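*Asks:* Next up, start-v7.txt (compact mmCIF, C-alpha atoms).
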```
# COMPACT_ATOMS: atom_id res chain seq x y z
CA MET A 1 127.25 21.30 263.33
CA PRO A 2 129.38 23.41 265.66
CA VAL A 3 131.84 25.63 263.88
CA MET A 4 133.61 27.06 266.87
CA PRO A 5 136.53 24.98 268.03
CA PHE A 6 136.46 26.39 271.52
CA LEU A 7 132.92 25.31 272.18
CA SER A 8 133.49 22.16 274.15
CA PRO A 9 130.67 19.71 274.74
CA ILE A 10 132.12 19.02 278.17
CA SER A 11 130.14 21.67 279.85
CA LEU A 12 131.16 24.12 282.40
CA SER A 13 128.71 23.84 285.16
CA PRO A 14 125.69 25.42 283.61
CA PRO A 15 123.76 27.99 285.45
CA SER A 16 120.12 27.23 285.54
CA SER A 17 119.92 27.20 281.77
CA SER A 18 117.19 25.04 280.41
CA THR A 19 117.92 25.03 276.73
CA PRO A 20 121.15 23.79 275.13
CA GLU A 21 121.33 26.89 272.92
CA LEU A 22 121.32 29.14 275.93
CA HIS A 23 123.95 26.97 277.52
CA HIS A 24 126.14 27.16 274.44
CA LEU A 25 125.87 30.89 274.30
CA LEU A 26 126.74 31.18 277.94
CA VAL A 27 129.78 28.99 277.41
CA LEU A 28 131.07 30.95 274.47
CA THR A 29 130.44 34.26 276.09
CA THR A 30 132.31 33.01 279.10
CA VAL A 31 135.23 31.76 277.03
CA SER A 32 135.37 34.85 274.91
CA GLY A 33 135.68 36.78 278.09
CA LEU A 34 132.75 39.01 277.62
CA PRO A 35 131.04 39.89 280.79
CA ILE A 36 127.51 39.16 280.00
CA THR A 37 124.40 38.76 281.94
CA ARG A 38 121.90 36.01 281.53
CA THR A 39 119.20 38.26 280.27
CA ALA A 40 121.51 39.65 277.62
CA SER A 41 122.44 36.17 276.45
CA GLN A 42 118.78 35.31 276.32
CA ALA A 43 118.38 38.27 274.03
CA PHE A 44 120.95 36.63 271.79
CA LEU A 45 118.58 33.74 271.37
CA VAL A 46 116.23 35.97 269.46
CA ARG A 47 118.89 36.13 266.78
CA PRO A 48 120.20 32.66 267.33
CA ALA A 49 123.83 31.70 266.75
CA LEU A 50 125.14 35.17 266.14
CA HIS A 51 128.72 33.89 266.30
CA GLN A 52 127.91 31.08 263.98
CA GLU A 53 126.83 33.59 261.35
CA THR A 54 130.13 35.43 261.46
CA HIS A 55 132.03 32.21 261.32
CA SER A 56 130.15 31.70 258.07
CA PRO A 57 128.24 28.51 257.75
CA GLY A 58 127.80 30.22 254.41
CA ARG A 59 131.42 29.41 253.70
CA MET A 60 130.83 25.80 254.61
CA SER A 61 127.64 25.49 252.61
CA SER A 62 129.24 27.12 249.58
CA ARG A 63 132.04 24.58 249.90
CA ARG A 64 129.40 21.88 250.08
CA SER A 65 127.46 23.18 247.11
CA ARG A 66 130.65 23.63 245.12
CA SER A 67 131.52 19.99 245.64
CA ARG A 68 127.95 19.05 244.74
CA GLN A 69 128.23 21.05 241.53
CA MET A 70 131.56 19.42 240.74
CA SER A 71 130.08 15.96 241.21
CA SER A 72 127.04 16.79 239.08
CA SER A 73 129.22 18.06 236.24
CA ARG A 74 130.89 14.64 236.29
CA ILE A 75 127.64 13.36 234.83
CA THR A 76 128.90 13.85 231.34
CA ASP A 77 127.12 14.79 228.20
CA GLU A 78 127.97 11.28 227.07
CA GLN A 79 125.81 9.82 229.83
CA ILE A 80 122.96 12.18 229.10
CA ASN A 81 123.14 11.34 225.41
CA ASP A 82 123.04 7.66 226.32
CA LEU A 83 119.94 8.15 228.46
CA LEU A 84 118.28 10.17 225.72
CA THR A 85 119.00 7.40 223.21
CA LYS A 86 117.43 4.83 225.51
CA LEU A 87 114.43 7.08 225.95
CA GLN A 88 114.06 7.54 222.24
CA ALA A 89 114.10 3.76 221.81
CA VAL A 90 110.91 3.50 223.85
CA LEU A 91 109.06 6.04 221.75
CA PRO A 92 106.99 4.87 218.81
CA GLU A 93 108.64 4.76 215.37
CA ALA A 94 112.04 4.42 217.01
CA HIS A 95 113.42 2.50 214.06
CA LEU A 96 112.91 5.48 211.80
CA ARG A 97 115.32 7.66 213.74
CA SER A 98 119.09 7.91 213.40
CA THR A 99 121.00 6.29 216.21
CA ASP A 100 124.23 8.26 216.23
CA ARG A 101 123.22 11.61 217.64
CA VAL A 102 120.02 12.53 219.40
CA SER A 103 118.70 16.04 219.61
CA ALA A 104 117.69 16.53 223.22
CA ALA A 105 114.99 19.05 222.45
CA LYS A 106 113.34 16.79 219.88
CA VAL A 107 113.44 13.73 222.13
CA LEU A 108 111.93 15.65 225.03
CA GLN A 109 109.24 17.15 222.83
CA ASP A 110 108.36 13.76 221.33
CA THR A 111 108.33 12.20 224.79
CA CYS A 112 105.95 14.81 226.14
CA ASN A 113 103.63 14.40 223.19
CA TYR A 114 103.66 10.64 223.52
CA ILE A 115 102.93 10.71 227.26
CA ARG A 116 100.07 13.13 226.69
CA SER A 117 98.62 10.87 224.01
CA LEU A 118 98.92 7.85 226.32
CA HIS A 119 97.10 9.71 229.09
CA ARG A 120 94.34 10.58 226.64
CA GLU A 121 94.09 6.95 225.57
CA VAL A 122 93.78 5.78 229.17
CA ASP A 123 91.05 8.34 229.71
CA ASP A 124 89.19 7.28 226.56
CA LEU A 125 89.55 3.55 227.22
CA SER A 126 88.33 4.03 230.78
CA GLU A 127 85.14 5.55 229.47
CA ARG A 128 84.62 2.76 226.97
CA LEU A 129 85.27 0.14 229.64
CA SER A 130 82.76 1.88 231.85
CA GLU A 131 80.10 1.51 229.18
CA LEU A 132 81.05 -2.09 228.52
CA LEU A 133 80.83 -2.97 232.19
CA ALA A 134 77.36 -1.54 232.33
CA ASN A 135 76.04 -3.38 229.32
CA ASN A 136 77.59 -6.82 229.15
CA ASP A 137 77.24 -9.79 231.38
CA ILE A 138 80.58 -9.44 233.16
CA ASN A 139 81.26 -13.10 233.92
CA SER A 140 81.17 -14.31 230.36
CA ALA A 141 83.07 -11.21 229.19
CA GLN A 142 85.77 -11.75 231.78
CA ALA A 143 86.05 -15.40 230.80
CA ALA A 144 86.49 -14.35 227.17
CA ILE A 145 89.15 -11.82 228.16
CA ILE A 146 91.11 -14.27 230.27
CA ARG A 147 90.92 -16.86 227.54
CA SER A 148 92.18 -14.38 224.97
CA LEU A 149 95.02 -13.27 227.23
CA LEU A 150 96.20 -16.79 227.93
CA ARG A 151 95.86 -18.10 224.40
CA MET B 1 91.34 -24.05 236.35
CA ASP B 2 92.27 -27.07 234.24
CA SER B 3 91.76 -25.23 231.00
CA LYS B 4 93.92 -22.39 232.30
CA SER B 5 96.78 -24.68 233.29
CA SER B 6 96.68 -26.53 229.98
CA ALA B 7 96.71 -23.19 228.16
CA CYS B 8 99.79 -22.19 230.18
CA SER B 9 101.62 -25.42 229.50
CA SER B 10 100.99 -25.36 225.75
CA PRO B 11 103.41 -23.22 223.69
CA ASN B 12 102.24 -19.65 223.80
CA PRO B 13 101.70 -18.27 220.29
CA ASN B 14 101.60 -14.75 221.71
CA PRO B 15 105.26 -13.99 222.38
CA THR B 16 104.71 -10.58 223.96
CA LEU B 17 102.83 -11.80 227.04
CA GLY B 18 105.46 -11.64 229.75
CA PRO B 19 105.04 -12.28 233.47
CA SER B 20 104.62 -8.60 234.29
CA LYS B 21 101.90 -8.24 231.68
CA LEU B 22 100.06 -11.17 233.22
CA MET B 23 100.39 -9.66 236.70
CA LEU B 24 99.09 -6.38 235.35
CA ALA B 25 96.16 -8.14 233.69
CA PHE B 26 95.11 -9.99 236.84
CA ARG B 27 95.43 -6.89 239.00
CA PHE B 28 93.50 -4.73 236.60
CA LEU B 29 90.72 -7.28 236.04
CA ARG B 30 90.32 -7.77 239.75
CA ALA B 31 90.06 -4.00 240.17
CA LEU B 32 87.54 -3.84 237.32
CA SER B 33 85.24 -6.40 238.90
CA LEU B 34 85.50 -4.54 242.21
CA VAL B 35 84.54 -1.31 240.51
CA ARG B 36 81.58 -2.98 238.87
CA ARG B 37 80.41 -4.46 242.15
CA THR B 38 80.69 -1.27 244.16
CA THR B 39 79.63 1.43 241.74
CA PRO B 40 75.93 2.00 241.09
CA ALA B 41 74.94 1.33 237.53
CA SER B 42 73.61 4.83 236.95
CA SER B 43 76.75 6.89 237.57
CA ARG B 44 78.68 6.31 234.36
CA THR B 45 81.26 9.10 234.65
CA CYS B 46 82.00 8.16 238.26
CA ARG B 47 82.63 4.60 237.14
CA GLY B 48 84.86 5.84 234.33
CA ARG B 49 86.96 7.86 236.81
CA ARG B 50 87.22 4.85 239.12
CA ILE B 51 88.33 2.65 236.26
CA GLU B 52 90.99 5.19 235.34
CA ARG B 53 92.25 5.26 238.93
CA ALA B 54 92.22 1.45 238.96
CA ALA B 55 94.34 1.49 235.81
CA TYR B 56 96.99 3.75 237.34
CA ALA B 57 96.90 1.86 240.63
CA SER B 58 97.40 -1.56 239.05
CA MET B 59 100.15 -0.11 236.87
CA ALA B 60 101.95 1.34 239.90
CA TYR B 61 101.55 -1.80 242.03
CA THR B 62 102.89 -3.98 239.24
CA ALA B 63 105.89 -1.69 238.74
CA GLY B 64 106.65 -2.00 242.44
CA ALA B 65 108.07 0.40 244.99
CA SER B 66 111.50 0.45 243.36
CA ARG B 67 110.46 3.17 240.95
CA ALA B 68 110.03 6.80 241.98
CA TRP B 69 107.12 7.34 239.59
CA SER B 70 105.14 4.38 240.96
CA ARG B 71 105.67 5.60 244.51
CA ALA B 72 104.45 9.04 243.47
CA VAL B 73 101.34 7.57 241.79
CA LEU B 74 100.43 5.54 244.87
CA ARG B 75 101.10 8.51 247.14
CA ARG B 76 98.80 10.65 245.03
CA LEU B 77 96.05 8.01 245.02
CA HIS B 78 96.21 7.49 248.77
CA HIS B 79 96.22 11.19 249.52
CA ARG B 80 93.29 11.69 247.23
CA ALA B 81 91.37 9.11 249.22
CA ARG B 82 91.98 11.05 252.42
CA ARG B 83 91.48 14.63 251.36
CA ARG B 84 91.02 16.61 248.20
CA ALA B 85 93.58 19.33 249.04
CA VAL B 86 96.28 19.81 246.45
CA ALA B 87 99.76 19.46 247.92
CA PRO B 88 102.07 22.42 247.27
CA ARG B 89 104.52 21.71 244.49
CA ARG B 90 108.11 21.41 245.57
CA LEU B 91 110.18 23.39 243.10
CA SER B 92 113.42 21.77 242.09
CA THR B 93 116.26 24.22 242.52
CA THR B 94 119.22 21.92 241.93
CA ALA B 95 121.42 22.22 238.92
CA GLY B 96 119.97 20.60 235.83
CA ASN B 97 116.46 21.90 236.34
CA ARG B 98 115.38 21.38 232.76
CA ALA B 99 112.50 19.79 230.92
CA GLU B 100 109.75 21.36 232.99
CA ALA B 101 107.00 20.11 230.71
CA LEU B 102 108.24 16.55 231.14
CA ARG B 103 108.43 16.98 234.91
CA ARG B 104 104.77 17.93 234.96
CA LEU B 105 103.82 14.83 232.99
CA VAL B 106 105.80 12.18 234.82
CA PRO B 107 104.52 11.45 238.37
CA GLY B 108 107.03 12.61 240.94
CA GLY B 109 109.02 14.42 238.29
CA GLY B 110 109.36 17.66 240.18
CA GLY B 111 111.77 16.35 242.76
CA MET B 112 114.17 14.49 240.50
CA ASP B 113 117.45 15.43 238.94
CA TYR B 114 117.71 15.41 235.20
CA CYS B 115 119.27 11.95 234.79
CA THR B 116 116.81 10.25 237.12
CA LEU B 117 114.00 12.00 235.28
CA LEU B 118 115.13 10.51 231.97
CA GLU B 119 115.38 7.01 233.43
CA GLU B 120 112.04 7.22 235.19
CA THR B 121 110.39 8.56 232.04
CA ALA B 122 111.56 5.58 230.00
CA ASP B 123 110.19 3.13 232.57
CA TYR B 124 106.97 5.10 232.95
CA ILE B 125 106.37 5.06 229.21
CA LYS B 126 106.98 1.30 229.06
CA CYS B 127 104.48 0.59 231.83
CA LEU B 128 101.96 3.10 230.56
CA SER B 129 101.98 1.67 227.05
CA MET B 130 101.60 -1.82 228.55
CA GLN B 131 98.55 -0.62 230.46
CA VAL B 132 97.06 0.97 227.35
CA GLU B 133 97.70 -2.22 225.38
CA LEU B 134 95.93 -4.24 228.07
CA MET B 135 92.92 -1.96 228.21
CA GLN B 136 92.67 -1.91 224.41
CA GLY B 137 92.77 -5.70 224.38
CA ILE B 138 90.01 -5.91 226.96
CA VAL B 139 87.83 -3.46 225.07
CA ASP B 140 88.41 -5.31 221.80
CA SER B 141 87.66 -8.77 223.16
CA ALA B 142 84.69 -7.61 225.23
CA SER B 143 83.10 -5.79 222.30
CA SER B 144 83.78 -8.66 219.90
CA TYR B 145 82.26 -11.14 222.35
CA GLY B 146 79.02 -9.19 222.59
CA PRO B 147 76.13 -9.62 220.16
```
Can I see the file as C-alpha cells?
*Replies:*
Amino acid sequence: MPVMPFLSPISLSPPSSSTPELHHLLVLTTVSGLPITRTASQAFLVRPALHQETHSPGRMSSRRSRSRQMSSSRITDEQINDLLTKLQAVLPEAHLRSTDRVSAAKVLQDTCNYIRSLHREVDDLSERLSELLANNDINSAQAAIIRSLLR
Amino acid sequence: MDSKSSACSSPNPNPTLGPSKLMLAFRFLRALSLVRRTTPASSRTCRGRRIERAAYASMAYTAGASRAWSRAVLRRLHHRARRRAVAPRRLSTTAGNRAEALRRLVPGGGGMDYCTLLEETADYIKCLSMQVELMQGIVDSASSYGP
C-alpha cells in the first residue's frame, strides 16, 4: 500500500527498468529531485522501500493494531462469561454446579480433564473394538448392532 | 430393509437417537467394516490405530466443514496419509492468548481467538462424547451378542 502521495501510478516514461520496485524508486528519486544514477537506485533495492520506512508503515500498522485491540476489548466479560457457562453445561455433572457465576479457571481445568478422559476412552474402546473385530463373526455382530441402534 | 423401515416408522423408545447420531453410526460402521476387510488379522495394534483414526474421521465428517475443529482433524488425517512430518506449530500472538492447555487439546486450537476457542471446545466435546457413546454401545452389544 503506497504511503507516498507523490508516487503516481501514471508513470513517467520508465528507463529500461524491469521491476516495478525499481521503477517506483526511480520515480520518487526523480520527484524528490535527487540526482541519482540507476546503479545507486538499484542499491536501494537491497534495502527495499527506504522511504517507506521513514514514512512509517509502523505508524499505520500501530493504528491498525490499536483499532484491532479496541474491537477485541468490545468482546465483553459478559460474553466470555456466557460462553463459559455454555461450555460448563456440556461438561458432566453440570447440574451440580451453580449457574450464576462461573470461575474461568475451574471451567477450563474441568474441560481439559474431560477432553483428556474422552481421548483415553476413544483409545481404549478402539483397542477393544479391534479385539472384537478379530474374534466375532462380523456380519451377525453388525446386524445386532444396527438392530440395537434402531430399536 | 423391510425390518429397518418398520423399525424406523414405529415410535422410537430411545429418545436420544437423533439424525446426527444415526449418520455418525452409519459412517463409523462402514469405516469399521473397511478396516476389518483391509487389515490383516495378525496386526492387532495396527488395527486399533486404524479404528481410532476411523472414529475421528467419521466424527469430523459428520460435524461437517462448518467447524474449525473438524477441518483441523481432517487436515491432520490427510497430511498424515501423505507424510509423517510434523507441521510447525503456529503460535498465536493475538490478544487473548490464554488457555494454552486447552488449545493443545482441541484440534486447530492454536490459531483461534479465545471466544472461538470456547465455542469450538463446546461443539468438540459434544461430538466427542457422542462418538464415545456410539463406540461404547457397539462394544456392549457386540460382546453381549457373543457366546
*Asks:* Taking all atoms listed in the file into account, produce a table as CSV in which each residue of chain A with an atom at most 6 Å from an atom of chain B appears once, together with its shortest atom pair and the distance in Å to one decimal, ordered by chain and rising number.
*Replies:*
```
residue,atom,partner,partner_atom,distance
A:Leu87,CA,B:Ala122,CA,5.2
A:Cys112,CA,B:Leu102,CA,5.8
A:Ser126,CA,B:Gly48,CA,5.3
A:Glu127,CA,B:Gly48,CA,4.9
A:Ser130,CA,B:Gly48,CA,5.1
A:Ala141,CA,B:Ala142,CA,5.6
```
*Asks:* Under the rule that only C-alpha atoms are counted, which of A:Ala134, A:Leu91, A:Ala143, A:Ala104 is the nearest residue to Arg37 (chain B)?
*Replies:*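 Using only C-alpha atoms, the shortest distance to Arg37 (chain B) belongs to A:Ala134.
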*Asks:* What gap, in Å, lies between CA of Asp82 (chain A) and CA of Val102 (chain A)?
*Replies:*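 Computing it gives 9.0 Å between the two atoms.
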*Asks:* Measure the distance from CA of Val107 (chain A) to CA of Glu93 (chain A) in Å and round it to one decimal.
*Replies:*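 Interatomic distance here is 12.2 Å.
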*Asks:* Point out the residue among B:Arg82, B:Arg98, B:Arg75, B:Arg30 with the least atom-to-atom distance to Met112 (chain B), counting all atoms listed in the file.
*Replies:*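 Checking each of B:Arg82, B:Arg98, B:Arg75, B:Arg30 against Met112 (chain B), counting all atoms listed in the file, the winner is B:Arg98.
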*Asks:* For His78 (chain B), find every residue with an atom within 12 Å (counting only C-alpha atoms), except residues of its own chain fewer than 6 positions away, and show them as a PDB file with C-alpha atoms, in the frame of the given file.
*Replies:*
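Written file, result38.pdb:
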```pdb
ATOM      1  CA  ARG B  53      92.250   5.260 238.930  1.00  0.00           C
ATOM      2  CA  ALA B  57      96.900   1.860 240.630  1.00  0.00           C
ATOM      3  CA  ARG B  71     105.670   5.600 244.510  1.00  0.00           C
ATOM      4  CA  ALA B  72     104.450   9.040 243.470  1.00  0.00           C
ATOM      5  CA  ARG B  84      91.020  16.610 248.200  1.00  0.00           C
TER       6      ARG B  84
END
```
